[in-house]
file query.pdb (PDB, C-alpha atoms and all ligand atoms)
ATOM      1  CA  MET T  53       0.000   0.000   0.000  1.00  0.00           C
ATOM      2  CA  SER T  54       2.825   2.453   0.913  1.00  0.00           C
ATOM      3  CA  THR T  55       4.583   2.045  -2.479  1.00  0.00           C
ATOM      4  CA  ALA T  56       1.302   2.410  -4.332  1.00  0.00           C
ATOM      5  CA  ALA T  57       0.864   5.935  -2.817  1.00  0.00           C
ATOM      6  CA  SER T  58       3.906   7.321  -4.710  1.00  0.00           C
ATOM      7  CA  MET T  59       3.035   5.585  -7.952  1.00  0.00           C
ATOM      8  CA  PRO T  60       0.606   7.276 -10.308  1.00  0.00           C
ATOM      9  CA  PRO T  61      -2.627   5.474 -10.934  1.00  0.00           C
ATOM     10  CA  ALA T  62      -2.592   3.407 -14.105  1.00  0.00           C
ATOM     11  CA  GLY T  63      -3.178   5.581 -17.185  1.00  0.00           C
ATOM     12  CA  GLU T  64      -2.111   8.852 -15.401  1.00  0.00           C
ATOM     13  CA  PRO T  65       1.158  10.588 -16.508  1.00  0.00           C
ATOM     14  CA  ASP T  66       4.115  10.312 -14.099  1.00  0.00           C
ATOM     15  CA  SER T  67       4.458  13.919 -12.811  1.00  0.00           C
ATOM     16  CA  HIS T  68       7.964  13.265 -11.477  1.00  0.00           C
ATOM     17  CA  ALA T  69       9.195  12.135 -14.894  1.00  0.00           C
ATOM     18  CA  ILE T  70       7.518  15.144 -16.518  1.00  0.00           C
ATOM     19  CA  ALA T  71       9.274  17.515 -14.083  1.00  0.00           C
ATOM     20  CA  ILE T  72      12.678  15.951 -14.799  1.00  0.00           C
ATOM     21  CA  ALA T  73      12.110  16.207 -18.552  1.00  0.00           C
ATOM     22  CA  ALA T  74      11.086  19.867 -18.230  1.00  0.00           C
ATOM     23  CA  GLU T  75      14.140  20.699 -16.112  1.00  0.00           C
ATOM     24  CA  ARG T  76      16.399  18.971 -18.572  1.00  0.00           C
ATOM     25  CA  ARG T  77      14.863  21.024 -21.412  1.00  0.00           C
ATOM     26  CA  TRP T  78      15.451  24.281 -19.516  1.00  0.00           C
ATOM     27  CA  ALA T  79      19.042  23.243 -18.744  1.00  0.00           C
ATOM     28  CA  TRP T  80      19.656  22.908 -22.473  1.00  0.00           C
ATOM     29  CA  VAL T  81      18.058  26.317 -23.111  1.00  0.00           C
ATOM     30  CA  VAL T  82      20.400  27.907 -20.532  1.00  0.00           C
ATOM     31  CA  ILE T  83      23.429  26.101 -22.002  1.00  0.00           C
ATOM     32  CA  ALA T  84      22.433  27.304 -25.480  1.00  0.00           C
ATOM     33  CA  ILE T  85      22.129  30.931 -24.263  1.00  0.00           C
ATOM     34  CA  MET T  86      25.562  30.760 -22.598  1.00  0.00           C
ATOM     35  CA  ALA T  87      27.111  29.208 -25.718  1.00  0.00           C
ATOM     36  CA  LEU T  88      25.544  31.975 -27.841  1.00  0.00           C
ATOM     37  CA  LEU T  89      26.938  34.720 -25.545  1.00  0.00           C
ATOM     38  CA  VAL T  90      30.434  33.184 -25.590  1.00  0.00           C
ATOM     39  CA  ALA T  91      30.249  32.894 -29.396  1.00  0.00           C
ATOM     40  CA  MET T  92      29.191  36.580 -29.620  1.00  0.00           C
ATOM     41  CA  MET T  93      32.101  37.603 -27.375  1.00  0.00           C
ATOM     42  CA  ILE T  94      34.583  35.685 -29.529  1.00  0.00           C
ATOM     43  CA  PHE T  95      33.058  37.045 -32.752  1.00  0.00           C
ATOM     44  CA  THR T  96      33.003  40.705 -31.668  1.00  0.00           C
ATOM     45  CA  GLY T  97      36.414  40.410 -30.006  1.00  0.00           C
ATOM     46  CA  LEU T  98      38.058  39.109 -33.168  1.00  0.00           C
ATOM     47  CA  HIS T  99      35.925  40.580 -35.941  1.00  0.00           C
ATOM     48  CA  TRP T 100      35.488  44.092 -34.521  1.00  0.00           C
ATOM     49  CA  ALA T 101      39.026  44.127 -33.094  1.00  0.00           C
ATOM     50  CA  ALA T 102      37.574  45.083 -29.715  1.00  0.00           C
ATOM     51  CA  MET T 103      40.283  45.827 -27.221  1.00  0.00           C
ATOM     52  CA  PRO T 104      40.358  43.537 -24.218  1.00  0.00           C
ATOM     53  CA  PRO T 105      40.768  45.245 -20.837  1.00  0.00           C
ATOM     54  CA  SER T 106      44.414  44.196 -20.819  1.00  0.00           C
ATOM     55  CA  ARG T 107      45.185  47.064 -23.205  1.00  0.00           C
ATOM     56  CA  VAL T 108      46.318  49.676 -20.716  1.00  0.00           C
ATOM     57  CA  GLU T 109      48.055  52.955 -21.395  1.00  0.00           C
ATOM     58  CA  THR T 110      49.017  54.887 -18.308  1.00  0.00           C
ATOM     59  CA  VAL T 111      49.890  58.495 -17.606  1.00  0.00           C
ATOM     60  CA  ASP T 112      51.262  60.149 -14.468  1.00  0.00           C
ATOM     61  CA  VAL T 113      48.495  62.241 -12.874  1.00  0.00           C
ATOM     62  CA  LYS T 114      50.992  64.262 -10.807  1.00  0.00           C
ATOM     63  CA  THR T 115      52.821  65.629 -13.876  1.00  0.00           C
ATOM     64  CA  LEU T 116      49.869  65.654 -16.294  1.00  0.00           C
ATOM     65  CA  HIS T 117      49.633  69.473 -16.381  1.00  0.00           C
ATOM     66  CA  LEU T 118      53.378  70.012 -16.497  1.00  0.00           C
ATOM     67  CA  LYS T 119      54.762  67.834 -19.257  1.00  0.00           C
ATOM     68  CA  GLY T 120      53.851  65.337 -21.912  1.00  0.00           C
ATOM     69  CA  GLU T 121      50.841  64.817 -24.120  1.00  0.00           C
ATOM     70  CA  PHE T 122      48.185  66.388 -21.881  1.00  0.00           C
ATOM     71  CA  VAL T 123      49.738  69.798 -21.143  1.00  0.00           C
ATOM     72  CA  GLU T 124      47.261  72.622 -21.743  1.00  0.00           C
ATOM     73  CA  SER T 125      48.867  73.808 -24.993  1.00  0.00           C
ATOM     74  CA  ASN T 126      48.517  70.321 -26.498  1.00  0.00           C
ATOM     75  CA  LEU T 127      44.803  69.875 -25.717  1.00  0.00           C
ATOM     76  CA  GLY T 128      42.139  70.204 -28.372  1.00  0.00           C
ATOM     77  CA  THR T 129      41.974  69.102 -31.990  1.00  0.00           C
ATOM     78  CA  SER T 130      45.056  68.680 -34.160  1.00  0.00           C
ATOM     79  CA  VAL T 131      45.665  67.354 -37.655  1.00  0.00           C
ATOM     80  CA  GLY T 132      48.849  65.320 -37.964  1.00  0.00           C
ATOM     81  CA  ALA T 133      51.281  65.378 -40.879  1.00  0.00           C
ATOM     82  CA  ASP T 134      49.579  62.178 -42.058  1.00  0.00           C
ATOM     83  CA  GLY T 135      46.167  63.926 -42.073  1.00  0.00           C
ATOM     84  CA  LYS T 136      44.903  62.051 -39.022  1.00  0.00           C
ATOM     85  CA  VAL T 137      42.604  64.038 -36.731  1.00  0.00           C
ATOM     86  CA  THR T 138      43.251  63.680 -32.992  1.00  0.00           C
ATOM     87  CA  VAL T 139      41.351  65.239 -30.110  1.00  0.00           C
ATOM     88  CA  ARG T 140      43.085  65.399 -26.731  1.00  0.00           C
ATOM     89  CA  LEU T 141      41.103  66.300 -23.655  1.00  0.00           C
ATOM     90  CA  VAL T 142      41.309  66.268 -19.877  1.00  0.00           C
ATOM     91  CA  ALA T 143      38.406  65.955 -17.451  1.00  0.00           C
ATOM     92  CA  GLN T 144      38.417  67.363 -13.951  1.00  0.00           C
ATOM     93  CA  GLN T 145      35.775  68.262 -11.351  1.00  0.00           C
ATOM     94  CA  TYR T 146      33.713  69.816 -12.943  1.00  0.00           C
ATOM     95  CA  SER T 147      34.726  70.624 -16.502  1.00  0.00           C
ATOM     96  CA  PHE T 148      36.347  69.350 -19.640  1.00  0.00           C
ATOM     97  CA  GLN T 149      39.328  70.993 -21.187  1.00  0.00           C
ATOM     98  CA  PRO T 150      38.811  72.224 -23.844  1.00  0.00           C
ATOM     99  CA  GLN T 151      35.228  73.370 -23.287  1.00  0.00           C
ATOM    100  CA  CYS T 152      34.491  73.274 -27.014  1.00  0.00           C
ATOM    101  CA  ILE T 153      35.858  70.631 -29.352  1.00  0.00           C
ATOM    102  CA  VAL T 154      35.855  70.995 -33.127  1.00  0.00           C
ATOM    103  CA  VAL T 155      35.873  67.936 -35.382  1.00  0.00           C
ATOM    104  CA  PRO T 156      35.252  67.254 -39.089  1.00  0.00           C
ATOM    105  CA  ALA T 157      32.210  65.385 -40.410  1.00  0.00           C
ATOM    106  CA  GLY T 158      32.736  62.168 -42.347  1.00  0.00           C
ATOM    107  CA  MET T 159      36.371  61.658 -41.309  1.00  0.00           C
ATOM    108  CA  PRO T 160      37.789  59.350 -38.627  1.00  0.00           C
ATOM    109  CA  VAL T 161      38.554  61.236 -35.414  1.00  0.00           C
ATOM    110  CA  THR T 162      40.651  59.712 -32.633  1.00  0.00           C
ATOM    111  CA  PHE T 163      39.915  60.819 -29.081  1.00  0.00           C
ATOM    112  CA  ARG T 164      42.583  60.566 -26.388  1.00  0.00           C
ATOM    113  CA  GLY T 165      41.558  61.592 -22.911  1.00  0.00           C
ATOM    114  CA  THR T 166      42.245  61.201 -19.237  1.00  0.00           C
ATOM    115  CA  SER T 167      41.163  62.587 -15.878  1.00  0.00           C
ATOM    116  CA  THR T 168      43.063  64.480 -13.200  1.00  0.00           C
ATOM    117  CA  ASP T 169      40.975  63.602 -10.155  1.00  0.00           C
ATOM    118  CA  THR T 170      38.177  61.053 -10.258  1.00  0.00           C
ATOM    119  CA  ILE T 171      36.324  58.933 -12.790  1.00  0.00           C
ATOM    120  CA  HIS T 172      34.501  60.970 -15.408  1.00  0.00           C
ATOM    121  CA  GLY T 173      33.140  60.028 -18.810  1.00  0.00           C
ATOM    122  CA  PHE T 174      31.439  61.543 -21.789  1.00  0.00           C
ATOM    123  CA  VAL T 175      29.056  60.846 -24.609  1.00  0.00           C
ATOM    124  CA  VAL T 176      28.800  63.093 -27.658  1.00  0.00           C
ATOM    125  CA  GLY T 177      25.133  63.920 -28.291  1.00  0.00           C
ATOM    126  CA  THR T 178      23.309  61.052 -29.923  1.00  0.00           C
ATOM    127  CA  THR T 179      26.446  59.567 -31.517  1.00  0.00           C
ATOM    128  CA  ASN T 180      28.245  56.407 -30.400  1.00  0.00           C
ATOM    129  CA  ALA T 181      31.266  58.442 -29.192  1.00  0.00           C
ATOM    130  CA  ASN T 182      31.271  57.348 -25.570  1.00  0.00           C
ATOM    131  CA  THR T 183      34.008  56.541 -23.053  1.00  0.00           C
ATOM    132  CA  MET T 184      35.040  56.690 -19.428  1.00  0.00           C
ATOM    133  CA  LEU T 185      37.960  58.869 -18.338  1.00  0.00           C
ATOM    134  CA  ILE T 186      39.952  57.355 -15.493  1.00  0.00           C
ATOM    135  CA  PRO T 187      42.803  58.998 -13.555  1.00  0.00           C
ATOM    136  CA  ALA T 188      46.226  57.596 -14.572  1.00  0.00           C
ATOM    137  CA  PHE T 189      44.838  55.869 -17.667  1.00  0.00           C
ATOM    138  CA  VAL T 190      44.505  57.089 -21.247  1.00  0.00           C
ATOM    139  CA  SER T 191      41.139  56.328 -22.843  1.00  0.00           C
ATOM    140  CA  THR T 192      41.189  56.248 -26.605  1.00  0.00           C
ATOM    141  CA  PHE T 193      38.757  55.464 -29.405  1.00  0.00           C
ATOM    142  CA  THR T 194      38.249  56.392 -33.036  1.00  0.00           C
ATOM    143  CA  THR T 195      34.891  57.373 -34.466  1.00  0.00           C
ATOM    144  CA  THR T 196      33.378  59.183 -37.443  1.00  0.00           C
ATOM    145  CA  PHE T 197      30.679  61.830 -37.084  1.00  0.00           C
ATOM    146  CA  PRO T 198      28.280  61.359 -39.998  1.00  0.00           C
ATOM    147  CA  LYS T 199      26.915  64.905 -40.245  1.00  0.00           C
ATOM    148  CA  ALA T 200      27.810  68.481 -39.356  1.00  0.00           C
ATOM    149  CA  GLY T 201      26.181  70.271 -36.453  1.00  0.00           C
ATOM    150  CA  GLU T 202      26.649  71.023 -32.794  1.00  0.00           C
ATOM    151  CA  GLN T 203      26.390  68.354 -30.111  1.00  0.00           C
ATOM    152  CA  LEU T 204      26.388  68.519 -26.347  1.00  0.00           C
ATOM    153  CA  MET T 205      28.979  66.412 -24.540  1.00  0.00           C
ATOM    154  CA  PRO T 206      27.887  65.779 -20.952  1.00  0.00           C
ATOM    155  CA  CYS T 207      29.856  63.928 -18.292  1.00  0.00           C
ATOM    156  CA  HIS T 208      28.047  60.632 -17.760  1.00  0.00           C
ATOM    157  CA  GLU T 209      29.840  59.205 -14.730  1.00  0.00           C
ATOM    158  CA  TYR T 210      28.711  60.590 -11.382  1.00  0.00           C
ATOM    159  CA  CYS T 211      31.789  62.518 -10.213  1.00  0.00           C
ATOM    160  CA  GLY T 212      30.546  64.689  -7.354  1.00  0.00           C
ATOM    161  CA  THR T 213      28.138  67.484  -6.488  1.00  0.00           C
ATOM    162  CA  GLY T 214      28.913  69.421  -9.705  1.00  0.00           C
ATOM    163  CA  HIS T 215      28.428  66.421 -11.990  1.00  0.00           C
ATOM    164  CA  GLU T 216      25.220  67.596 -13.628  1.00  0.00           C
ATOM    165  CA  ALA T 217      26.855  70.900 -14.620  1.00  0.00           C
ATOM    166  CA  MET T 218      29.858  69.190 -16.249  1.00  0.00           C
ATOM    167  CA  TRP T 219      29.674  69.257 -20.013  1.00  0.00           C
ATOM    168  CA  ALA T 220      31.395  70.526 -23.152  1.00  0.00           C
ATOM    169  CA  ARG T 221      30.290  71.233 -26.708  1.00  0.00           C
ATOM    170  CA  VAL T 222      31.357  69.431 -29.868  1.00  0.00           C
ATOM    171  CA  GLN T 223      31.210  71.338 -33.137  1.00  0.00           C
ATOM    172  CA  VAL T 224      31.113  69.041 -36.145  1.00  0.00           C
ATOM    173  CA  LEU T 225      32.163  71.068 -39.206  1.00  0.00           C
ATOM    174  CA  PRO T 226      31.867  70.017 -42.852  1.00  0.00           C
ATOM    175  CA  ALA T 227      35.173  68.309 -43.732  1.00  0.00           C
ATOM    176  CA  ALA T 228      36.201  70.984 -46.273  1.00  0.00           C
ATOM    177  CA  GLU T 229      35.600  73.832 -43.782  1.00  0.00           C
ATOM    178  CA  PHE T 230      37.470  71.927 -41.087  1.00  0.00           C
ATOM    179  CA  MET T 231      40.491  71.163 -43.289  1.00  0.00           C
ATOM    180  CA  ALA T 232      40.624  74.804 -44.508  1.00  0.00           C
ATOM    181  CA  ARG T 233      41.015  75.895 -40.884  1.00  0.00           C
ATOM    182  CA  ALA T 234      43.562  73.223 -39.958  1.00  0.00           C
ATOM    183  CA  LYS T 235      47.161  74.376 -39.743  1.00  0.00           C
ATOM    184  CA  PRO T 236      50.065  72.011 -39.121  1.00  0.00           C
ATOM    185  CA  GLY T 237      51.214  72.001 -35.511  1.00  0.00           C
ATOM    186  CA  GLU T 238      48.274  74.106 -34.305  1.00  0.00           C
ATOM    187  CA  ARG T 239      45.140  73.349 -32.301  1.00  0.00           C
ATOM    188  CA  LEU T 240      41.794  74.114 -33.886  1.00  0.00           C
ATOM    189  CA  SER T 241      39.288  76.112 -31.907  1.00  0.00           C
ATOM    190  CA  CYS T 242      35.534  76.280 -32.308  1.00  0.00           C
ATOM    191  CA  VAL T 243      33.935  78.703 -34.730  1.00  0.00           C
ATOM    192  CA  PRO T 244      31.932  81.435 -32.995  1.00  0.00           C
ATOM    193  CA  ARG T 245      28.280  80.865 -33.966  1.00  0.00           C
TER     194      ARG T 245
HETATM  195 CU1  LIG A 301      32.481  64.530 -14.356  1.00  0.00          CU
HETATM  196 CU2  LIG A 301      30.373  63.594 -13.845  1.00  0.00          CU
END
call {"tool": "encode", "arguments": {"input": "query.pdb", "output": "structure tokens"}}
result
Amino acid sequence: MSTAASMPPAGEPDSHAIAIAAERRWAWVVIAIMALLVAMMIFTGLHWAAMPPSRVETVDVKTLHLKGEFVESNLGTSVGADGKVTVRLVAQQYSFQPQCIVVPAGMPVTFRGTSTDTIHGFVVGTTNANTMLIPAFVSTFTTTFPKAGEQLMPCHEYCGTGHEAMWARVQVLPAAEFMARAKPGERLSCVPR
């Protein structure tokens, strides 16, 4: 009698077996999702040449303002001898330097930035230009702005009581206008509008 209690009546489905089958199905679904995510990581890592976190470029915060790439006179937009456009910027509580950044439309632009005090970040308007700026590390990425116009560039990492007032402007000029204003060895400044 006691064994008969745990057995289903003849003709009824075995609920225990059904539960095991269902759990096994879900286990395969979870395994498939994990396999898909790993495959996506491998694909984007290789195909999009995404940089793993091991790519670190450091800079000395104590001498940032005094010498090297991020001294004040070297900040802003420059066009190299090879025609490459580079923007260098520094974030600090609660502003970006420079306050207005000028870039060309339809050309690759490389951003190089760092922070002097705490973690900041920025996003340029509705574009995909987006990075964190971390003290002692150089953040870098290359992007192309599809069309001319002015964009706001707010800080998007909470950095203190002045965070919400921390932003800069990005002026995207037509490529011809930008290149006409570019002089070798000089920084470009925004056009008064
Ligand atoms: Cu800087 Cu938020």
call {"tool": "resolve_selection", "arguments": {"input": "query.pdb", "expression": "the PyMOL selection byres (((chain T and resi 116-127) around 12) and not hetatm)", "output": "PyMOL selection string"}}
result
chain T and resi 110-115+128-131+138-144+148-154+163-169+187-190+237-241
call {"tool": "residues_near_ligand", "arguments": {"input": "query.pdb", "ligand": "ligand LIG 301 (chain A)", "cutoff": "9 Å", "atoms": "all atoms listed in the file", "output": "ChimeraX atom specification"}}
result
/T:143-148,170-174,185,206-219
call {"tool": "residues_around", "arguments": {"input": "query.pdb", "residues": "T:Glu229", "least_positions_apart": "2", "cutoff": "12 Å", "atoms": "only C-alpha atoms", "output": "ChimeraX atom specification"}}
result
/T:154-157,200,223-227,231-234,240,242-243
call {"tool": "axis_aligned_box", "arguments": {"input": "query.pdb", "around": "stretch 120-134 of chain T", "padding_each_side": "5 Å", "output": "JSON"}}
result
{"center_x": 47.9, "center_y": 68.0, "center_z": -31.6, "size_x": 21.9, "size_y": 21.6, "size_z": 30.9}
call {"tool": "resolve_selection", "arguments": {"input": "query.pdb", "expression": "the PyMOL selection byres (((chain T and resi 178) around 12) and not hetatm)", "output": "mmCIF file with C-alpha atoms, in the coordinates of the input"}}
result
data_model
loop_
_atom_site.group_PDB
_atom_site.id
_atom_site.type_symbol
_atom_site.label_atom_id
_atom_site.label_comp_id
_atom_site.auth_asym_id
_atom_site.auth_seq_id
_atom_site.Cartn_x
_atom_site.Cartn_y
_atom_site.Cartn_z
ATOM 1 C CA PHE T 174 31.439 61.543 -21.789
ATOM 2 C CA VAL T 175 29.056 60.846 -24.609
ATOM 3 C CA VAL T 176 28.800 63.093 -27.658
ATOM 4 C CA GLY T 177 25.133 63.920 -28.291
ATOM 5 C CA THR T 179 26.446 59.567 -31.517
ATOM 6 C CA ASN T 180 28.245 56.407 -30.400
ATOM 7 C CA ALA T 181 31.266 58.442 -29.192
ATOM 8 C CA ASN T 182 31.271 57.348 -25.570
ATOM 9 C CA PHE T 197 30.679 61.830 -37.084
ATOM 10 C CA PRO T 198 28.280 61.359 -39.998
ATOM 11 C CA LYS T 199 26.915 64.905 -40.245
ATOM 12 C CA GLY T 201 26.181 70.271 -36.453
ATOM 13 C CA GLU T 202 26.649 71.023 -32.794
ATOM 14 C CA GLN T 203 26.390 68.354 -30.111
ATOM 15 C CA LEU T 204 26.388 68.519 -26.347
ATOM 16 C CA MET T 205 28.979 66.412 -24.540
ATOM 17 C CA PRO T 206 27.887 65.779 -20.952
ATOM 18 C CA VAL T 222 31.357 69.431 -29.868
#
call {"tool": "resolve_selection", "arguments": {"input": "query.pdb", "expression": "the PyMOL selection byres (((chain T and resi 195) around 7) and not hetatm)", "output": "ChimeraX atom specification"}}
result
/T:160-162,181,193-194,196-197
call {"tool": "atom_distance", "arguments": {"input": "query.pdb", "atom1": "atom CA of T:Ser191", "atom2": "atom CA of T:Leu88"}}
result
29.3 Å
call {"tool": "atom_distance", "arguments": {"input": "query.pdb", "atom1": "atom CA of T:Leu98", "atom2": "atom CA of T:Gly135"}}
result
27.6 Å
call {"tool": "atom_distance", "arguments": {"input": "query.pdb", "atom1": "atom CA of T:Glu109", "atom2": "atom CA of T:Phe230"}}
result
29.3 Å
call {"tool": "decode", "arguments": {"input": "query.pdb", "residues": "stretch 115-125 of chain T", "atoms": "all heavy atoms", "output": "PDB file, in the first residue's frame"}}
result
ATOM      1  N   THR T 115      52.102  64.744 -12.956  1.00  0.00           N
ATOM      2  CA  THR T 115      52.821  65.629 -13.876  1.00  0.00           C
ATOM      3  C   THR T 115      52.026  65.912 -15.149  1.00  0.00           C
ATOM      4  O   THR T 115      52.551  66.491 -16.099  1.00  0.00           O
ATOM      5  CB  THR T 115      54.175  65.000 -14.264  1.00  0.00           C
ATOM      6  OG1 THR T 115      53.912  63.713 -14.853  1.00  0.00           O
ATOM      7  CG2 THR T 115      55.068  64.831 -13.066  1.00  0.00           C
ATOM      8  N   LEU T 116      50.737  65.512 -15.117  1.00  0.00           N
ATOM      9  CA  LEU T 116      49.869  65.654 -16.294  1.00  0.00           C
ATOM     10  C   LEU T 116      49.856  67.080 -16.856  1.00  0.00           C
ATOM     11  O   LEU T 116      49.934  67.288 -18.069  1.00  0.00           O
ATOM     12  CB  LEU T 116      48.458  65.256 -15.858  1.00  0.00           C
ATOM     13  CG  LEU T 116      47.435  64.950 -16.923  1.00  0.00           C
ATOM     14  CD1 LEU T 116      47.810  63.669 -17.623  1.00  0.00           C
ATOM     15  CD2 LEU T 116      46.068  64.787 -16.270  1.00  0.00           C
ATOM     16  N   HIS T 117      49.753  68.080 -15.952  1.00  0.00           N
ATOM     17  CA  HIS T 117      49.633  69.473 -16.381  1.00  0.00           C
ATOM     18  C   HIS T 117      50.986  70.076 -16.753  1.00  0.00           C
ATOM     19  O   HIS T 117      51.045  71.152 -17.328  1.00  0.00           O
ATOM     20  CB  HIS T 117      49.031  70.322 -15.249  1.00  0.00           C
ATOM     21  CG  HIS T 117      47.610  69.996 -14.953  1.00  0.00           C
ATOM     22  ND1 HIS T 117      47.217  69.314 -13.837  1.00  0.00           N
ATOM     23  CD2 HIS T 117      46.486  70.244 -15.659  1.00  0.00           C
ATOM     24  CE1 HIS T 117      45.902  69.176 -13.860  1.00  0.00           C
ATOM     25  NE2 HIS T 117      45.440  69.714 -14.951  1.00  0.00           N
ATOM     26  N   LEU T 118      52.057  69.397 -16.382  1.00  0.00           N
ATOM     27  CA  LEU T 118      53.378  70.012 -16.497  1.00  0.00           C
ATOM     28  C   LEU T 118      54.131  69.590 -17.740  1.00  0.00           C
ATOM     29  O   LEU T 118      54.840  70.374 -18.355  1.00  0.00           O
ATOM     30  CB  LEU T 118      54.224  69.676 -15.253  1.00  0.00           C
ATOM     31  CG  LEU T 118      53.570  70.056 -13.916  1.00  0.00           C
ATOM     32  CD1 LEU T 118      54.405  69.549 -12.757  1.00  0.00           C
ATOM     33  CD2 LEU T 118      53.402  71.569 -13.839  1.00  0.00           C
ATOM     34  N   LYS T 119      54.001  68.304 -18.105  1.00  0.00           N
ATOM     35  CA  LYS T 119      54.762  67.834 -19.257  1.00  0.00           C
ATOM     36  C   LYS T 119      54.026  66.687 -19.942  1.00  0.00           C
ATOM     37  O   LYS T 119      53.148  66.059 -19.351  1.00  0.00           O
ATOM     38  CB  LYS T 119      56.166  67.384 -18.817  1.00  0.00           C
ATOM     39  CG  LYS T 119      56.153  66.257 -17.799  1.00  0.00           C
ATOM     40  CD  LYS T 119      57.560  65.766 -17.496  1.00  0.00           C
ATOM     41  CE  LYS T 119      57.460  64.483 -16.715  1.00  0.00           C
ATOM     42  NZ  LYS T 119      58.429  64.034 -15.910  1.00  0.00           N
ATOM     43  N   GLY T 120      54.414  66.463 -21.189  1.00  0.00           N
ATOM     44  CA  GLY T 120      53.851  65.337 -21.912  1.00  0.00           C
ATOM     45  C   GLY T 120      52.635  65.710 -22.755  1.00  0.00           C
ATOM     46  O   GLY T 120      52.334  66.879 -22.989  1.00  0.00           O
ATOM     47  N   GLU T 121      51.921  64.684 -23.144  1.00  0.00           N
ATOM     48  CA  GLU T 121      50.841  64.817 -24.120  1.00  0.00           C
ATOM     49  C   GLU T 121      49.696  65.710 -23.664  1.00  0.00           C
ATOM     50  O   GLU T 121      49.056  66.373 -24.479  1.00  0.00           O
ATOM     51  CB  GLU T 121      50.304  63.408 -24.429  1.00  0.00           C
ATOM     52  CG  GLU T 121      49.258  63.389 -25.497  1.00  0.00           C
ATOM     53  CD  GLU T 121      48.724  61.986 -25.770  1.00  0.00           C
ATOM     54  OE1 GLU T 121      49.287  61.006 -25.244  1.00  0.00           O
ATOM     55  OE2 GLU T 121      47.745  61.902 -26.526  1.00  0.00           O
ATOM     56  N   PHE T 122      49.400  65.726 -22.342  1.00  0.00           N
ATOM     57  CA  PHE T 122      48.185  66.388 -21.881  1.00  0.00           C
ATOM     58  C   PHE T 122      48.437  67.758 -21.240  1.00  0.00           C
ATOM     59  O   PHE T 122      47.636  68.218 -20.435  1.00  0.00           O
ATOM     60  CB  PHE T 122      47.417  65.457 -20.935  1.00  0.00           C
ATOM     61  CG  PHE T 122      46.877  64.244 -21.659  1.00  0.00           C
ATOM     62  CD1 PHE T 122      47.564  63.028 -21.612  1.00  0.00           C
ATOM     63  CD2 PHE T 122      45.721  64.320 -22.421  1.00  0.00           C
ATOM     64  CE1 PHE T 122      47.083  61.918 -22.286  1.00  0.00           C
ATOM     65  CE2 PHE T 122      45.241  63.213 -23.111  1.00  0.00           C
ATOM     66  CZ  PHE T 122      45.923  62.009 -23.042  1.00  0.00           C
ATOM     67  N   VAL T 123      49.556  68.412 -21.604  1.00  0.00           N
ATOM     68  CA  VAL T 123      49.738  69.798 -21.143  1.00  0.00           C
ATOM     69  C   VAL T 123      48.703  70.663 -21.864  1.00  0.00           C
ATOM     70  O   VAL T 123      48.221  70.313 -22.948  1.00  0.00           O
ATOM     71  CB  VAL T 123      51.166  70.330 -21.434  1.00  0.00           C
ATOM     72  CG1 VAL T 123      52.195  69.581 -20.602  1.00  0.00           C
ATOM     73  CG2 VAL T 123      51.492  70.260 -22.910  1.00  0.00           C
ATOM     74  N   GLU T 124      48.372  71.810 -21.250  1.00  0.00           N
ATOM     75  CA  GLU T 124      47.261  72.622 -21.743  1.00  0.00           C
ATOM     76  C   GLU T 124      47.426  72.999 -23.215  1.00  0.00           C
ATOM     77  O   GLU T 124      46.468  72.959 -23.985  1.00  0.00           O
ATOM     78  CB  GLU T 124      47.137  73.888 -20.884  1.00  0.00           C
ATOM     79  CG  GLU T 124      45.869  74.667 -21.198  1.00  0.00           C
ATOM     80  CD  GLU T 124      45.646  75.824 -20.247  1.00  0.00           C
ATOM     81  OE1 GLU T 124      46.394  75.925 -19.254  1.00  0.00           O
ATOM     82  OE2 GLU T 124      44.728  76.614 -20.513  1.00  0.00           O
ATOM     83  N   SER T 125      48.665  73.343 -23.619  1.00  0.00           N
ATOM     84  CA  SER T 125      48.867  73.808 -24.993  1.00  0.00           C
ATOM     85  C   SER T 125      48.689  72.695 -26.020  1.00  0.00           C
ATOM     86  O   SER T 125      48.577  72.960 -27.212  1.00  0.00           O
ATOM     87  CB  SER T 125      50.270  74.402 -25.118  1.00  0.00           C
ATOM     88  OG  SER T 125      51.231  73.404 -24.786  1.00  0.00           O
TER      89      SER T 125
END
